[in-house]
file coords.cif (mmCIF, C-alpha atoms)
data_structure
#
loop_
_atom_site.label_atom_id
_atom_site.label_comp_id
_atom_site.auth_asym_id
_atom_site.auth_seq_id
_atom_site.Cartn_x
_atom_site.Cartn_y
_atom_site.Cartn_z
CA MET W 1 0.00 0.00 0.00
CA LYS W 2 1.28 3.45 -0.85
CA ASN W 3 2.28 5.67 2.03
CA ASP W 4 -0.23 8.42 1.19
CA ARG W 5 -3.08 5.93 1.17
CA LYS W 6 -1.86 4.34 4.38
CA GLU W 7 -1.68 7.72 6.12
CA GLU W 8 -5.16 8.60 4.94
CA LEU W 9 -6.67 5.32 6.09
CA LEU W 10 -4.89 5.44 9.44
CA THR W 11 -5.99 9.04 10.01
CA ARG W 12 -9.60 8.19 9.31
CA TRP W 13 -9.33 5.00 11.34
CA MET W 14 -8.26 7.14 14.30
CA ASP W 15 -11.45 9.13 13.75
CA ASP W 16 -13.53 5.99 13.43
CA GLY W 17 -14.44 7.06 9.91
CA LEU W 18 -13.65 4.03 7.75
CA SER W 19 -16.18 2.11 5.71
CA ASP W 20 -16.15 -1.71 5.95
CA GLU W 21 -14.35 -1.92 2.65
CA GLU W 22 -11.66 0.54 3.77
CA LEU W 23 -11.31 -1.30 7.05
CA ARG W 24 -10.63 -4.52 5.13
CA GLU W 25 -8.05 -2.63 3.07
CA LEU W 26 -6.29 -1.51 6.24
CA GLU W 27 -6.36 -4.88 7.99
CA PRO W 28 -3.01 -6.13 6.63
CA VAL W 29 -1.34 -2.97 7.97
CA LEU W 30 -2.93 -3.43 11.38
CA ASP W 31 -1.96 -7.09 11.46
CA GLU W 32 1.58 -6.17 10.62
CA SER W 33 1.75 -3.50 13.33
CA PRO W 34 -0.49 -4.49 16.25
CA GLU W 35 0.89 -1.61 18.35
CA LEU W 36 -1.27 0.69 16.20
CA HIS W 37 -4.29 -0.42 18.25
CA HIS W 38 -2.63 0.88 21.41
CA GLU W 39 -1.63 4.08 19.65
CA ARG W 40 -5.20 4.60 18.59
CA ALA W 41 -6.54 4.02 22.10
CA ASP W 42 -3.92 6.41 23.49
CA TYR W 43 -4.76 9.05 20.92
CA ILE W 44 -8.47 8.83 21.66
CA ARG W 45 -7.67 9.55 25.30
CA LEU W 46 -5.34 12.36 24.28
CA ARG W 47 -8.07 13.85 22.10
CA GLU W 48 -10.44 13.90 25.07
CA ASP W 49 -7.78 15.65 27.15
CA LEU W 50 -7.15 18.08 24.32
CA ARG W 51 -10.81 18.98 24.07
CA ALA W 52 -11.10 19.33 27.83
CA ALA W 53 -8.04 21.57 28.04
CA MET W 54 -8.56 23.69 24.94
CA PRO W 55 -12.08 25.05 24.66
CA ALA W 56 -13.30 25.69 21.14
CA GLU W 57 -14.74 29.01 22.17
CA VAL W 58 -13.15 31.68 24.38
CA ASP W 59 -14.69 35.11 24.48
CA PRO W 60 -12.07 37.81 23.98
CA PRO W 61 -11.36 40.06 26.97
CA PHE W 62 -13.88 42.92 27.19
CA PRO W 63 -16.24 41.35 24.65
CA ASP W 64 -18.64 44.31 24.54
CA TYR W 65 -15.77 46.66 23.87
CA PHE W 66 -14.60 44.21 21.21
CA ASN W 67 -17.87 44.72 19.33
CA SER W 68 -18.10 48.46 19.86
CA ARG W 69 -14.51 49.06 18.79
CA LEU W 70 -15.02 46.88 15.75
CA GLY W 71 -18.08 48.96 14.85
CA ARG W 72 -16.09 52.14 15.17
CA VAL W 73 -13.23 50.82 13.04
CA ILE W 74 -15.62 49.69 10.33
CA ARG W 75 -17.52 52.97 10.46
CA GLU W 76 -14.33 55.00 10.16
CA GLY W 77 -13.05 52.75 7.37
CA SER W 78 -16.32 53.15 5.54
CA ARG W 79 -16.21 56.93 5.85
CA ALA W 80 -12.67 56.98 4.55
CA SER W 81 -13.46 54.73 1.62
CA SER W 82 -16.65 56.61 0.72
CA SER W 83 -14.73 59.87 0.60
CA ALA W 84 -12.10 58.16 -1.51
CA GLU W 85 -14.76 56.81 -3.83
CA SER W 86 -16.23 60.21 -4.72
CA PRO W 87 -17.01 60.70 -8.42
CA ARG W 88 -14.09 61.32 -10.69
CA ALA W 89 -15.44 64.74 -11.74
CA ALA W 90 -15.65 65.84 -8.14
CA ARG W 91 -12.12 64.61 -7.56
CA GLY W 92 -10.99 66.62 -10.58
CA LEU W 93 -12.73 69.68 -9.20
CA ASN W 94 -11.10 69.07 -5.86
CA ARG W 95 -7.73 68.90 -7.51
CA LEU W 96 -8.42 72.16 -9.40
CA TRP W 97 -9.49 73.79 -6.16
CA PHE W 98 -6.37 72.45 -4.54
CA TRP W 99 -4.06 74.01 -7.14
CA TRP W 100 -5.86 77.35 -6.89
CA MET W 101 -5.55 77.23 -3.12
CA VAL W 102 -1.82 76.50 -3.04
CA PRO W 103 -0.65 80.10 -3.61
CA ALA W 104 -3.39 81.45 -1.35
CA ALA W 105 -2.50 79.05 1.43
CA THR W 106 1.19 79.80 1.05
CA GLY W 107 0.44 83.54 1.31
CA ALA W 108 -1.65 82.95 4.41
CA VAL W 109 1.11 80.97 6.09
CA VAL W 110 3.69 83.68 5.32
CA PHE W 111 1.32 86.38 6.61
CA ALA W 112 0.68 84.46 9.81
CA PHE W 113 4.40 83.90 10.30
CA LEU W 114 5.19 87.58 9.86
CA LEU W 115 2.36 88.53 12.20
CA GLY W 116 3.66 86.10 14.80
CA MET W 117 7.18 87.48 14.53
CA LYS W 118 5.91 91.00 14.92
CA SER W 119 3.81 90.12 17.96
CA GLY W 120 6.64 88.11 19.50
CA GLN W 121 8.94 91.08 19.32
CA SER W 122 6.35 93.46 20.67
CA ALA W 123 7.25 95.56 23.69
CA ASN W 124 4.02 94.47 25.29
CA PRO W 125 3.96 90.67 25.36
CA ALA W 126 0.72 90.66 27.27
CA ALA W 127 -1.04 91.18 23.97
CA VAL W 128 0.15 87.80 22.88
CA VAL W 129 -0.15 86.15 26.27
CA ASP W 130 -3.79 87.14 26.49
CA SER W 131 -4.56 85.06 23.48
CA ALA W 132 -2.38 82.14 24.43
CA ALA W 133 -3.44 79.27 26.59
CA GLY W 134 -1.91 79.63 30.02
CA SER W 135 0.14 76.81 31.43
CA GLU W 136 -0.18 76.08 35.12
CA VAL W 137 1.12 73.47 37.47
CA TYR W 138 -1.64 72.01 39.66
CA SER W 139 -1.72 70.00 42.83
CA PRO W 140 -4.58 67.58 43.55
CA LEU W 141 -6.86 68.35 46.48
CA ALA W 142 -8.51 65.71 48.69
CA SER W 143 -10.55 64.34 45.83
CA VAL W 144 -10.24 64.77 42.12
CA SER W 145 -13.06 64.13 39.74
CA THR W 146 -12.94 64.01 35.99
CA GLU W 147 -15.57 64.21 33.34
CA VAL W 148 -15.13 63.49 29.68
CA ILE W 149 -17.51 65.05 27.23
CA LEU W 150 -17.40 63.79 23.67
CA ASP W 151 -18.86 66.09 21.10
CA ARG W 152 -19.36 64.05 17.98
CA GLU W 153 -20.57 67.01 15.91
CA SER W 154 -17.41 68.99 16.39
CA ASN W 155 -15.31 65.85 16.68
CA SER W 156 -13.79 67.12 19.89
CA THR W 157 -13.23 65.85 23.40
CA LEU W 158 -13.52 67.99 26.51
CA LEU W 159 -11.83 66.80 29.67
CA ILE W 160 -13.01 68.49 32.88
CA VAL W 161 -10.88 67.92 35.94
CA GLU W 162 -12.14 69.23 39.27
CA GLY W 163 -10.34 69.23 42.60
CA LEU W 164 -7.05 70.75 41.55
CA ALA W 165 -5.35 73.82 43.02
CA PRO W 166 -2.81 75.94 41.12
CA LEU W 167 0.69 75.39 42.42
CA GLU W 168 3.26 78.11 42.30
CA ASP W 169 6.19 76.44 40.65
CA VAL W 170 9.19 78.22 42.11
CA ASP W 171 11.69 76.49 39.90
CA LEU W 172 9.83 77.44 36.77
CA ALA W 173 9.37 80.99 37.99
CA VAL W 174 13.06 81.42 38.89
CA GLY W 175 14.18 79.97 35.61
CA GLY W 176 11.75 82.11 33.68
CA GLY W 177 9.40 79.21 33.10
CA PHE W 178 8.59 78.37 29.54
CA ARG W 179 8.62 81.99 28.66
CA ASP W 180 10.60 82.67 25.57
CA GLY W 181 10.02 86.24 24.49
CA HIS W 182 12.68 86.15 21.82
CA HIS W 183 10.75 83.72 19.70
CA GLY W 184 7.25 84.87 20.36
CA TYR W 185 6.12 81.94 22.54
CA TYR W 186 4.62 82.80 25.90
CA VAL W 187 3.45 80.44 28.55
CA ASN W 188 2.15 81.89 31.76
CA THR W 189 3.89 80.57 34.81
CA GLU W 190 4.23 83.80 36.74
CA LYS W 191 0.82 85.37 36.36
CA VAL W 192 2.35 88.65 35.19
CA TYR W 193 -0.54 89.60 32.99
CA MET P 194 -25.20 51.26 4.78
CA ASN P 195 -27.25 51.08 7.88
CA PHE P 196 -24.51 50.36 10.37
CA PHE P 197 -24.27 53.99 11.50
CA SER P 198 -27.61 53.66 13.17
CA HIS P 199 -26.86 51.15 15.86
CA ILE P 200 -23.88 49.27 17.20
CA ALA P 201 -24.76 46.97 20.03
CA SER P 202 -23.36 43.81 21.47
CA ASN P 203 -24.81 40.55 22.62
CA LEU P 204 -27.81 40.59 20.34
CA VAL P 205 -27.38 36.96 19.50
CA LYS P 206 -25.20 34.66 21.51
CA GLY P 207 -25.28 30.94 21.04
CA PRO P 208 -23.79 27.94 19.34
CA VAL P 209 -22.80 28.03 15.73
CA PRO P 210 -25.65 26.63 13.64
CA GLY P 211 -25.21 23.41 11.71
CA ASP P 212 -24.65 25.11 8.40
CA ALA P 213 -25.05 28.32 6.55
CA GLY P 214 -28.41 27.19 5.29
CA GLY P 215 -29.80 27.46 8.77
CA GLU P 216 -30.18 23.83 9.83
CA GLY P 217 -30.69 23.44 13.53
CA ALA P 218 -31.50 27.08 13.97
CA SER P 219 -35.09 26.80 15.06
CA GLU P 220 -35.06 29.48 17.74
CA GLU P 221 -32.21 31.69 16.71
CA ILE P 222 -31.50 33.33 13.42
CA SER P 223 -29.26 31.23 11.20
CA ASP P 224 -25.89 32.39 9.97
CA ALA P 225 -27.24 32.35 6.43
CA GLU P 226 -30.05 34.73 7.36
CA LEU P 227 -27.69 37.05 9.21
CA VAL P 228 -25.25 36.99 6.30
CA SER P 229 -28.07 37.86 3.93
CA ARG P 230 -29.04 40.82 6.11
CA CYS P 231 -25.42 41.93 6.34
CA GLN P 232 -25.19 41.90 2.58
CA LYS P 233 -28.07 44.35 2.53
CA GLY P 234 -26.10 46.64 4.82
CA ASP P 235 -27.65 45.67 8.17
CA TYR P 236 -24.90 46.27 10.72
CA ASP P 237 -27.01 44.88 13.57
CA ALA P 238 -26.96 41.52 11.79
CA PHE P 239 -23.19 41.74 11.49
CA ASP P 240 -22.89 42.60 15.16
CA ALA P 241 -24.91 39.47 15.93
CA LEU P 242 -22.58 37.38 13.74
CA VAL P 243 -19.58 38.85 15.53
CA THR P 244 -21.08 38.10 18.94
CA ARG P 245 -21.83 34.55 17.87
CA HIS P 246 -18.44 33.76 16.34
CA ARG P 247 -15.93 35.97 18.14
CA GLY P 248 -15.24 33.28 20.76
CA ARG P 249 -14.25 30.68 18.17
CA VAL P 250 -12.16 33.11 16.17
CA TYR P 251 -10.42 34.41 19.28
CA ALA P 252 -9.78 30.90 20.65
CA MET P 253 -8.35 29.75 17.33
CA ILE P 254 -6.07 32.78 17.03
CA GLN P 255 -4.95 32.59 20.63
CA ASN P 256 -4.03 28.94 20.24
CA MET P 257 -1.98 29.85 17.17
CA VAL P 258 -0.20 33.03 18.28
CA LYS P 259 -0.11 32.53 22.07
CA ASN P 260 -0.46 36.19 22.94
CA GLU P 261 -3.63 37.72 24.33
CA ALA P 262 -3.13 41.27 23.06
CA ASP P 263 -2.10 40.19 19.57
CA SER P 264 -4.99 37.72 19.49
CA TRP P 265 -7.44 40.47 20.36
CA ASP P 266 -6.13 42.75 17.61
CA LEU P 267 -6.00 39.95 15.05
CA ALA P 268 -9.55 38.89 15.88
CA GLN P 269 -10.62 42.49 15.22
CA GLU P 270 -8.76 42.40 11.92
CA VAL P 271 -10.51 39.15 10.98
CA PHE P 272 -13.95 40.67 11.47
CA VAL P 273 -13.05 43.86 9.62
CA LYS P 274 -12.01 41.67 6.69
CA VAL P 275 -15.16 39.58 7.05
CA TRP P 276 -17.28 42.73 6.88
CA LYS P 277 -15.43 43.99 3.82
CA ALA P 278 -15.63 40.64 2.06
CA LEU P 279 -19.23 39.82 2.96
CA PRO P 280 -20.70 41.38 -0.21
CA LYS P 281 -18.70 38.80 -2.21
CA PHE P 282 -19.58 35.82 0.00
CA GLU P 283 -21.67 33.39 -2.05
CA ALA P 284 -22.40 30.82 0.63
CA ARG P 285 -20.71 27.97 -1.23
CA ALA P 286 -19.16 27.04 2.10
CA ARG P 287 -20.48 27.46 5.61
CA PHE P 288 -20.04 30.97 6.89
CA SER P 289 -17.97 29.62 9.78
CA THR P 290 -15.61 27.78 7.38
CA TRP P 291 -15.20 30.93 5.31
CA MET P 292 -14.52 32.88 8.50
CA TYR P 293 -11.86 30.36 9.57
CA ARG P 294 -10.26 30.81 6.15
CA ILE P 295 -10.00 34.55 6.74
CA THR P 296 -8.67 33.85 10.23
CA HIS P 297 -6.04 31.55 8.71
CA ASN P 298 -4.93 34.28 6.28
CA VAL P 299 -4.75 36.94 8.97
CA VAL P 300 -2.73 34.72 11.31
CA TYR P 301 -0.28 33.63 8.61
CA ASP P 302 0.18 37.21 7.39
CA TRP P 303 0.95 38.20 10.97
CA MET P 304 3.42 35.33 11.33
CA ARG P 305 5.18 36.27 8.10
CA LYS P 306 5.47 39.91 9.14
CA ARG P 307 6.67 38.89 12.56
CA LYS P 308 9.21 36.54 11.07
CA VAL P 309 10.60 39.36 8.95
CA GLU P 310 10.61 41.84 11.84
CA THR P 311 12.28 39.45 14.26
CA ALA P 312 14.63 37.71 11.84
CA GLY P 313 17.42 36.16 13.82
CA GLU P 314 15.57 36.45 17.08
CA LEU P 315 13.38 34.07 19.03
CA ASP P 316 10.69 33.76 16.38
CA ASP P 317 12.93 32.18 13.78
CA ASN P 318 10.96 29.01 14.11
CA LEU P 319 7.69 30.50 12.96
CA LEU P 320 6.54 28.83 9.73
CA ASP P 321 9.54 26.50 9.79
CA ARG P 322 7.73 23.22 10.05
CA GLU P 323 10.66 20.91 10.61
CA SER P 324 12.73 23.16 12.80
CA VAL P 325 11.73 21.48 16.05
CA ALA P 326 12.41 17.81 16.32
CA ALA P 327 9.54 15.68 17.54
CA GLY P 328 11.29 14.80 20.77
CA ALA P 329 12.87 18.18 21.43
CA HIS P 330 12.26 19.87 24.77
CA ALA P 331 11.85 23.54 23.94
CA THR P 332 10.36 24.38 27.32
CA PRO P 333 11.17 23.00 30.74
CA VAL P 334 9.06 19.95 31.44
CA ARG P 335 8.33 18.75 34.93
CA GLU P 336 8.84 15.06 35.37
CA ALA P 337 5.61 13.73 36.79
CA ARG P 338 5.42 10.62 38.92
CA PRO P 339 3.47 7.85 37.18
CA ASP P 340 0.85 7.83 39.91
CA GLU P 341 0.42 11.58 39.86
CA ALA P 342 -2.72 12.70 38.13
CA LEU P 343 -2.44 15.87 36.12
CA SER P 344 -4.68 18.68 37.22
CA GLN P 345 -6.67 20.50 34.59
CA GLY P 346 -4.22 23.39 34.62
CA GLU P 347 -1.21 21.12 34.33
CA LEU P 348 -2.88 19.16 31.59
CA ARG P 349 -3.59 22.31 29.67
CA ALA P 350 -0.04 23.58 30.12
CA SER P 351 1.33 20.24 29.03
CA ILE P 352 -0.85 20.12 25.92
CA GLU P 353 -0.16 23.75 25.07
CA GLY P 354 3.56 23.12 25.41
CA ALA P 355 3.35 20.17 23.04
CA LEU P 356 1.20 22.08 20.54
CA GLU P 357 3.68 24.94 20.52
CA LYS P 358 6.38 22.56 19.43
CA LEU P 359 4.39 21.54 16.37
CA SER P 360 4.82 23.46 13.14
CA PRO P 361 2.07 26.06 12.54
CA GLU P 362 0.52 23.85 9.83
CA HIS P 363 0.42 20.79 12.06
CA ARG P 364 -0.87 22.81 15.01
CA GLU P 365 -3.58 24.41 12.93
CA ALA P 366 -4.67 21.08 11.45
CA ILE P 367 -4.98 19.59 14.95
CA LEU P 368 -6.84 22.60 16.32
CA LEU P 369 -9.28 22.76 13.42
CA ARG P 370 -9.97 19.04 13.56
CA GLU P 371 -9.89 18.17 17.24
CA VAL P 372 -10.87 21.43 18.91
CA GLN P 373 -13.05 23.19 16.35
CA GLY P 374 -14.45 19.95 14.92
CA LEU P 375 -14.13 20.74 11.23
CA GLU P 376 -14.43 18.07 8.52
CA TYR P 377 -11.38 17.19 6.42
CA LYS P 378 -12.78 19.05 3.42
CA GLU P 379 -13.42 22.13 5.51
CA ILE P 380 -9.88 22.03 6.87
CA ALA P 381 -8.60 21.77 3.30
CA ASP P 382 -10.67 24.83 2.37
CA VAL P 383 -9.45 26.79 5.37
CA MET P 384 -5.79 25.87 4.88
CA ASP P 385 -5.99 26.11 1.11
CA CYS P 386 -4.59 22.65 0.46
CA SER P 387 -5.76 19.24 -0.74
CA ILE P 388 -7.58 16.75 1.46
CA GLY P 389 -4.57 14.46 1.05
CA THR P 390 -2.35 17.13 2.55
CA VAL P 391 -4.79 17.54 5.42
CA MET P 392 -4.66 13.78 6.04
CA SER P 393 -0.90 13.79 5.98
CA ARG P 394 -0.66 16.78 8.32
CA LEU P 395 -3.10 15.20 10.75
CA PHE P 396 -1.27 11.87 10.61
CA TYR P 397 2.13 13.34 11.44
CA ALA P 398 0.80 15.99 13.82
CA ARG P 399 -0.98 13.36 15.88
CA LYS P 400 2.09 11.15 15.99
CA LYS P 401 4.30 14.05 17.03
CA LEU P 402 1.82 15.24 19.63
CA GLN P 403 1.59 11.77 21.13
CA SER P 404 5.34 11.47 21.17
CA LEU P 405 5.80 14.87 22.85
CA LEU P 406 3.20 14.22 25.51
CA THR P 407 4.45 10.73 26.23
CA LYS P 408 7.94 12.10 26.78
CA SER P 409 6.72 14.89 29.02
#
call {"tool": "encode", "arguments": {"input": "coords.cif", "output": "structure tokens"}}
result
Amino acid sequence: MKNDRKEELLTRWMDDGLSDEELRELEPVLDESPELHHERADYIRLREDLRAAMPAEVDPPFPDYFNSRLGRVIREGSRASSSAESPRAARGLNRLWFWWMVPAATGAVVFAFLLGMKSGQSANPAAVVDSAAGSEVYSPLASVSTEVILDRESNSTLLIVEGLAPLEDVDLAVGGGFRDGHHGYYVNTEKVY
Amino acid sequence: MNFFSHIASNLVKGPVPGDAGGEGASEEISDAELVSRCQKGDYDAFDALVTRHRGRVYAMIQNMVKNEADSWDLAQEVFVKVWKALPKFEARARFSTWMYRITHNVVYDWMRKRKVETAGELDDNLLDRESVAAGAHATPVREARPDEALSQGELRASIEGALEKLSPEHREAILLREVQGLEYKEIADVMDCSIGTVMSRLFYARKKLQSLLTKS
């Protein structure tokens, strides 16, 4: 008997899946190697152990999150592909718009840069500081609570932290903090404005 | 598509039906019905399919890659691919078989990438079917007294250790057949090989597994 055929018959014999005719075909092999009967009995026991030890189904950790994250990924993928699949004419228009916008955008960037340089070198930095987000060091009080507000319409996230007190950072103040008047960047650490 | 409207979990949770045609699905919606709804853009139906099958997909991946975090990510990737490919699914095979096929592809892609990224490191043996000899001890094995019964945890560790020493193809064939209960033809479809190859892989994988566990 060819090896391939022998392997096939032995595999199906292990699974108790041979027809009578196939069993007769395998008999000479079994007679020649009686230890195969023991191997089969051992394997059947091993299979039971295998099934007991390795469940066919294991829910992933955080199964609900698994589904919700999957939904989000698919939704985002779908949005991306639908925007990519816009009609060719619209894409052409977009490209035209893009090329018209390049010089305008470049001009706007240069203007903003010059404006920033001018403001940064201003004798009155408070004008800039007023419009900049202040940077503070905070210390937690007895209890700190946080709230996260997701605004889907504006695609923004607001994090509200309560129970913090501003901390005067002496080191930052002595060293001038993050203040860098020469380059037009101002971060409030000294409350000078 | 309608999937923007509602994303919820645990709509349908239960055993995998007998086949994609809906046999044995008297009380719950069959896979075939859910697939049909998905193909019309019903995301709720897809969510139900995910809830029903995620445990099998995750278990299969985890037994192949042996890392919880990677398994979680890969299971996500499987279902993203399932969703994308569902419009082309023609139900020639059971949905679950088709899903295992996608799982197989995702896992093997991951193994290939990992093999490239970690060339020369510990993962050299990935995809190298003959690199571990049948009797090799790749992990420390506690010598058990003959009269000492293995606890469930020990048994699992022992079996997992032996499975890890098999080549990925042998391990997958064993898992699909013995753990997931697939037919030979289904395994051939999943692993993209002939039934003869499946038989051969099962034959040698079983022998090697027996040999490893006997020695340990």
call {"tool": "interface_residues", "arguments": {"input": "coords.cif", "of": "chain P", "to": "chain W", "cutoff": "8 Å", "atoms": "only C-alpha atoms", "output": "PyMOL selection string"}}
result
chain P and resi 196-197+200-203+240+243-244+247-253+265+269+272-273+276+345-346+348-349+352+371-373+389+392-393+395-396+399+403
call {"tool": "atom_distance", "arguments": {"input": "coords.cif", "atom1": "CA of Leu227 in chain P", "atom2": "CA of His297 in chain P"}}
result
22.3 Å
call {"tool": "atom_distance", "arguments": {"input": "coords.cif", "atom1": "CA of Leu26 in chain W", "atom2": "CA of Arg40 in chain W"}}
result
13.8 Å
call {"tool": "resolve_selection", "arguments": {"input": "coords.cif", "expression": "the PyMOL selection byres ((chain P and resi 254) around 8)", "output": "PDB file with C-alpha atoms, in the frame of the given file"}}
result
ATOM      1  CA  VAL P 250     -12.160  33.110  16.170  1.00  0.00           C
ATOM      2  CA  TYR P 251     -10.420  34.410  19.280  1.00  0.00           C
ATOM      3  CA  ALA P 252      -9.780  30.900  20.650  1.00  0.00           C
ATOM      4  CA  MET P 253      -8.350  29.750  17.330  1.00  0.00           C
ATOM      5  CA  GLN P 255      -4.950  32.590  20.630  1.00  0.00           C
ATOM      6  CA  ASN P 256      -4.030  28.940  20.240  1.00  0.00           C
ATOM      7  CA  MET P 257      -1.980  29.850  17.170  1.00  0.00           C
ATOM      8  CA  VAL P 258      -0.200  33.030  18.280  1.00  0.00           C
ATOM      9  CA  LYS P 259      -0.110  32.530  22.070  1.00  0.00           C
ATOM     10  CA  SER P 264      -4.990  37.720  19.490  1.00  0.00           C
ATOM     11  CA  LEU P 267      -6.000  39.950  15.050  1.00  0.00           C
ATOM     12  CA  ALA P 268      -9.550  38.890  15.880  1.00  0.00           C
ATOM     13  CA  THR P 296      -8.670  33.850  10.230  1.00  0.00           C
ATOM     14  CA  VAL P 300      -2.730  34.720  11.310  1.00  0.00           C
TER      15      VAL P 300
END
call {"tool": "closest_residue", "arguments": {"input": "coords.cif", "among": "P:Pro361, P:Arg394, P:Gly354, P:Arg287", "to": "Arg305 in chain P", "atoms": "all atoms listed in the file"}}
result
P:Pro361
call {"tool": "residues_around", "arguments": {"input": "coords.cif", "residues": "Arg370 in chain P", "least_positions_apart": "5", "cutoff": "9 Å", "atoms": "only C-alpha atoms", "output": "JSON, numbers by chain"}}
result
{"P": [365, 375, 376, 377, 380, 395]}
call {"tool": "atom_distance", "arguments": {"input": "coords.cif", "atom1": "CA of Ile295 in chain P", "atom2": "CA of Val271 in chain P"}}
result
6.3 Å
